[in-house]
Amino acid sequence: MRATVLVRPKPGILDPQGQAVESSLRHLGFEVADARVGRLVDVELETDDRDEARTQLERMCEQLLTNPLIESYEIDLGGGA
Amino acid sequence: MTDRPRIAVVVFPGSNDDRDAALALDRLGADAPLVWHTDDALPGGTAAVVLPGGFSYGDYLRCGAIARFSPIMRDVAAFAADGGLVLGICNGFQILTEAGLLPGALRPNASLSFVCRDVPLVVENAETRFTARCRDGQPLTVPVKHGDGCWFADADLLGELEGNGQIVLRYAEGENPNGSIGDVAGVMNADRNVFGLMPHPEHAVDPLPGSTDGALLLGSLVDAARLSAAALV
């Protein structure tokens, strides 16, 4: 099954990329109060079991996909997790 | 044998300061073999390990995030757990934080620009095996060259590290090149045998390109490695 992992800089963590995007959006005339830039990882899993998939994805996030000190994650299994 | 202690320099795919580190350590009196990242074990008689600067595995995802899973890193972690001396410079520092061997994390520079210049530093703690040739408060000039050197720790962790004397080097006031919390340039683990810093001491050991202050840091490591090599015999 296919899953998506969203990785975000935690609140309070300096996000210079987000600041640059925010300032560029303002220059374009958009009324933007804040912008944060994270990362999206699409993963194709062998399993079709949603619980098993979630367990595996959580382990992936903890071991590699995120640095828990500075990033939070959200797992989207599609079809309403 | 122990008059030239063995300090292994690990080479990752993308390391580019490995030879400078080995050359500097050699000049300062160490035997500094290069060790390939796919090796399973450090060379026999290794008294200290250096993870050099440069890049590793394209630094995809986060700097150092993939290198920490290199085969050699298992032995480096075991070596550190046994009290072995480990120094991480720049990308090596990033790898050590990702591996959980050093506290905090390294984020993109606040300016989003790559910085490459000599930076004034202050020695915060000279009572370590990585700074023993310095004195507390001593100013040093050592170059930095990085895009992801913004060290981060939350307020609780920073307070704990400061209380423990684990903040070893700071950028001099007004000279922080990357926006790191507390102007931190180099940090040590609680057991005081693993140290990482963003500046490059291996590029500051010869008067020709400028400062020789890096020799104080690497020389301290060579002294400590010599003592620990003697203890092994």
# chains A, B, ... in the order shown; residues from 1 in each chain; ligands from 1
$ interface_residues --of "chain A" --to "chain B" --cutoff "10 Å" --atoms "only C-alpha atoms" --output "MDAnalysis selection string"
chainID A and resid 12:17 19:20 39 41 63:70
$ closest_residue --among "B:Ala47, B:Leu102, B:Leu227, B:Val168" --to "Ala190 (chain B)" --atoms "only C-alpha atoms"
B:Leu102
$ select_by_dssp --residues "chain A" --states "helix (DSSP H, G or I)" --output "PyMOL selection string"
chain A and resi 16-27+50-65
$ closest_residue --among "A:Leu40, A:Gly78, A:Thr47, A:Glu58" --to "Leu6 (chain A)" --atoms "only C-alpha atoms"
A:Leu40
$ closest_residue --among "B:Thr46, B:Gln138, B:Gln166, B:Asn91" --to "Asp213 (chain B)" --atoms "only C-alpha atoms"
B:Gln138
$ residues_around --residues "region 71-86 of chain B" --least-positions-apart "2" --cutoff "6 Å" --atoms "only C-alpha atoms" --output "list in words"
His37, Thr38, Asp39, Asp40, Ala41, Ala48, Val49, Val50, Asn193 and Val194 of chain B
$ residues_around --residues "Pro199 (chain B)" --least-positions-apart "3" --cutoff "10 Å" --atoms "only C-alpha atoms" --output "list of chain:residue names"
B:Gly53, B:Ile89, B:Cys90, B:Phe93, B:Cys116, B:Arg117, B:Asp118, B:Val119, B:Pro120, B:Leu121, B:Thr141, B:Val142, B:Pro143, B:Val144, B:Lys145, B:His146, B:Gly149, B:Leu169, B:Tyr171, B:Ala185, B:Gly186, B:Gly196, B:Glu202, B:His203, B:Ala204, B:Gly214
$ residues_around --residues "Leu161 (chain B)" --least-positions-apart "3" --cutoff "9 Å" --atoms "only C-alpha atoms" --output "PyMOL selection string"
chain B and resi 103+156-158+164-167+187-190
$ atom_distance --atom1 "CA of Pro177 (chain B)" --atom2 "CA of Val205 (chain B)"
21.2 Å
$ residues_around --residues "Thr4 (chain A)" --least-positions-apart "5" --cutoff "10 Å" --atoms "only C-alpha atoms" --output "mmCIF file with all heavy atoms, in the first residue's frame"
data_model
loop_
_atom_site.group_PDB
_atom_site.id
_atom_site.type_symbol
_atom_site.label_atom_id
_atom_site.label_comp_id
_atom_site.auth_asym_id
_atom_site.auth_seq_id
_atom_site.Cartn_x
_atom_site.Cartn_y
_atom_site.Cartn_z
ATOM 1 N N LEU A 40 8.051 15.922 2.188
ATOM 2 C CA LEU A 40 7.031 14.902 1.975
ATOM 3 C C LEU A 40 7.719 13.646 1.433
ATOM 4 O O LEU A 40 8.521 13.737 0.505
ATOM 5 C CB LEU A 40 6.013 15.444 0.965
ATOM 6 C CG LEU A 40 4.856 14.578 0.538
ATOM 7 C CD1 LEU A 40 3.706 15.480 0.091
ATOM 8 C CD2 LEU A 40 5.245 13.651 -0.611
ATOM 9 N N VAL A 41 7.443 12.510 2.036
ATOM 10 C CA VAL A 41 8.037 11.251 1.570
ATOM 11 C C VAL A 41 6.907 10.284 1.230
ATOM 12 O O VAL A 41 6.123 9.912 2.109
ATOM 13 C CB VAL A 41 8.952 10.620 2.644
ATOM 14 C CG1 VAL A 41 9.674 9.394 2.093
ATOM 15 C CG2 VAL A 41 9.957 11.632 3.178
ATOM 16 N N ASP A 42 6.811 9.905 -0.050
ATOM 17 C CA ASP A 42 5.850 8.875 -0.457
ATOM 18 C C ASP A 42 6.522 7.516 -0.341
ATOM 19 O O ASP A 42 7.636 7.343 -0.830
ATOM 20 C CB ASP A 42 5.425 9.087 -1.919
ATOM 21 C CG ASP A 42 4.349 10.160 -2.042
ATOM 22 O OD1 ASP A 42 3.547 10.301 -1.108
ATOM 23 O OD2 ASP A 42 4.338 10.853 -3.077
ATOM 24 N N VAL A 43 5.866 6.583 0.308
ATOM 25 C CA VAL A 43 6.453 5.256 0.502
ATOM 26 C C VAL A 43 5.472 4.211 -0.014
ATOM 27 O O VAL A 43 4.274 4.259 0.299
ATOM 28 C CB VAL A 43 6.727 4.978 2.006
ATOM 29 C CG1 VAL A 43 7.430 3.640 2.178
ATOM 30 C CG2 VAL A 43 7.544 6.092 2.623
ATOM 31 N N GLU A 44 5.976 3.290 -0.830
ATOM 32 C CA GLU A 44 5.171 2.166 -1.294
ATOM 33 C C GLU A 44 5.547 0.968 -0.424
ATOM 34 O O GLU A 44 6.680 0.506 -0.469
ATOM 35 C CB GLU A 44 5.481 1.892 -2.772
ATOM 36 C CG GLU A 44 4.543 0.928 -3.467
ATOM 37 C CD GLU A 44 3.175 1.537 -3.806
ATOM 38 O OE1 GLU A 44 3.159 2.692 -4.268
ATOM 39 O OE2 GLU A 44 2.174 0.843 -3.621
ATOM 40 N N LEU A 57 5.945 2.528 9.491
ATOM 41 C CA LEU A 57 6.225 3.932 9.153
ATOM 42 C C LEU A 57 6.694 4.718 10.369
ATOM 43 O O LEU A 57 7.583 5.567 10.279
ATOM 44 C CB LEU A 57 4.975 4.580 8.541
ATOM 45 C CG LEU A 57 4.654 4.094 7.120
ATOM 46 C CD1 LEU A 57 3.193 4.369 6.777
ATOM 47 C CD2 LEU A 57 5.571 4.746 6.091
ATOM 48 N N GLU A 74 3.787 13.299 10.391
ATOM 49 C CA GLU A 74 2.389 12.919 10.304
ATOM 50 C C GLU A 74 2.316 11.845 9.228
ATOM 51 O O GLU A 74 2.880 12.018 8.146
ATOM 52 C CB GLU A 74 1.594 14.155 9.879
ATOM 53 C CG GLU A 74 0.117 14.063 10.054
ATOM 54 C CD GLU A 74 -0.532 15.377 9.605
ATOM 55 O OE1 GLU A 74 -0.162 16.452 10.131
ATOM 56 O OE2 GLU A 74 -1.365 15.316 8.685
ATOM 57 N N ILE A 75 1.656 10.729 9.550
ATOM 58 C CA ILE A 75 1.554 9.618 8.600
ATOM 59 C C ILE A 75 0.171 9.625 7.978
ATOM 60 O O ILE A 75 -0.835 9.677 8.691
ATOM 61 C CB ILE A 75 1.821 8.276 9.320
ATOM 62 C CG1 ILE A 75 3.286 8.216 9.777
ATOM 63 C CG2 ILE A 75 1.477 7.100 8.413
ATOM 64 C CD1 ILE A 75 3.582 7.089 10.732
ATOM 65 N N ASP A 76 0.126 9.581 6.647
ATOM 66 C CA ASP A 76 -1.151 9.555 5.933
ATOM 67 C C ASP A 76 -1.223 8.253 5.139
ATOM 68 O O ASP A 76 -0.451 8.043 4.200
ATOM 69 C CB ASP A 76 -1.242 10.775 5.002
ATOM 70 C CG ASP A 76 -2.577 10.812 4.261
ATOM 71 O OD1 ASP A 76 -3.400 9.900 4.486
ATOM 72 O OD2 ASP A 76 -2.770 11.742 3.459
ATOM 73 N N LEU A 77 -2.137 7.365 5.569
ATOM 74 C CA LEU A 77 -2.267 6.079 4.882
ATOM 75 C C LEU A 77 -3.292 6.151 3.754
ATOM 76 O O LEU A 77 -3.568 5.143 3.110
ATOM 77 C CB LEU A 77 -2.676 4.986 5.873
ATOM 78 C CG LEU A 77 -1.634 4.654 6.941
ATOM 79 C CD1 LEU A 77 -2.207 3.679 7.951
ATOM 80 C CD2 LEU A 77 -0.398 4.061 6.310
ATOM 81 N N GLY A 78 -3.841 7.324 3.529
ATOM 82 C CA GLY A 78 -4.837 7.465 2.467
ATOM 83 C C GLY A 78 -6.175 6.893 2.904
ATOM 84 O O GLY A 78 -6.246 6.084 3.838
#
$ closest_residue --among "A:Glu22, A:Val7, A:Glu31, A:Gly38" --to "Met60 (chain A)" --atoms "only C-alpha atoms"
A:Val7
$ atom_distance --atom1 "CA of Gly54 (chain B)" --atom2 "CA of Val11 (chain B)"
9.8 Å
$ atom_distance --atom1 "CA of Asn178 (chain B)" --atom2 "CA of Cys134 (chain B)"
24.1 Å
$ residues_around --residues "Asp49 (chain A)" --least-positions-apart "6" --cutoff "12 Å" --atoms "only C-alpha atoms" --output "short mmCIF file (atom, residue, chain, number, x, y, z; two decimals) with N, CA, C and O atoms, in the first residue's frame"
data_model
loop_
_atom_site.label_atom_id
_atom_site.label_comp_id
_atom_site.auth_asym_id
_atom_site.auth_seq_id
_atom_site.Cartn_x
_atom_site.Cartn_y
_atom_site.Cartn_z
N MET A 1 0.83 -1.20 0.00
CA MET A 1 0.00 0.00 0.00
C MET A 1 0.86 1.25 0.00
O MET A 1 2.03 1.21 0.36
N ARG A 2 0.24 2.33 -0.43
CA ARG A 2 0.97 3.57 -0.55
C ARG A 2 0.69 4.46 0.66
O ARG A 2 -0.45 4.54 1.12
N ALA A 3 1.74 5.10 1.16
CA ALA A 3 1.57 5.98 2.31
C ALA A 3 2.39 7.25 2.09
O ALA A 3 3.34 7.26 1.31
N THR A 55 2.82 0.91 11.97
CA THR A 55 3.94 0.54 12.86
C THR A 55 5.28 0.70 12.14
O THR A 55 6.24 1.27 12.67
N GLN A 56 5.31 0.19 10.90
CA GLN A 56 6.57 0.28 10.14
C GLN A 56 6.94 1.74 9.86
O GLN A 56 8.11 2.13 9.98
N LEU A 77 -2.14 7.36 5.57
CA LEU A 77 -2.27 6.08 4.88
C LEU A 77 -3.29 6.15 3.75
O LEU A 77 -3.57 5.14 3.11
#
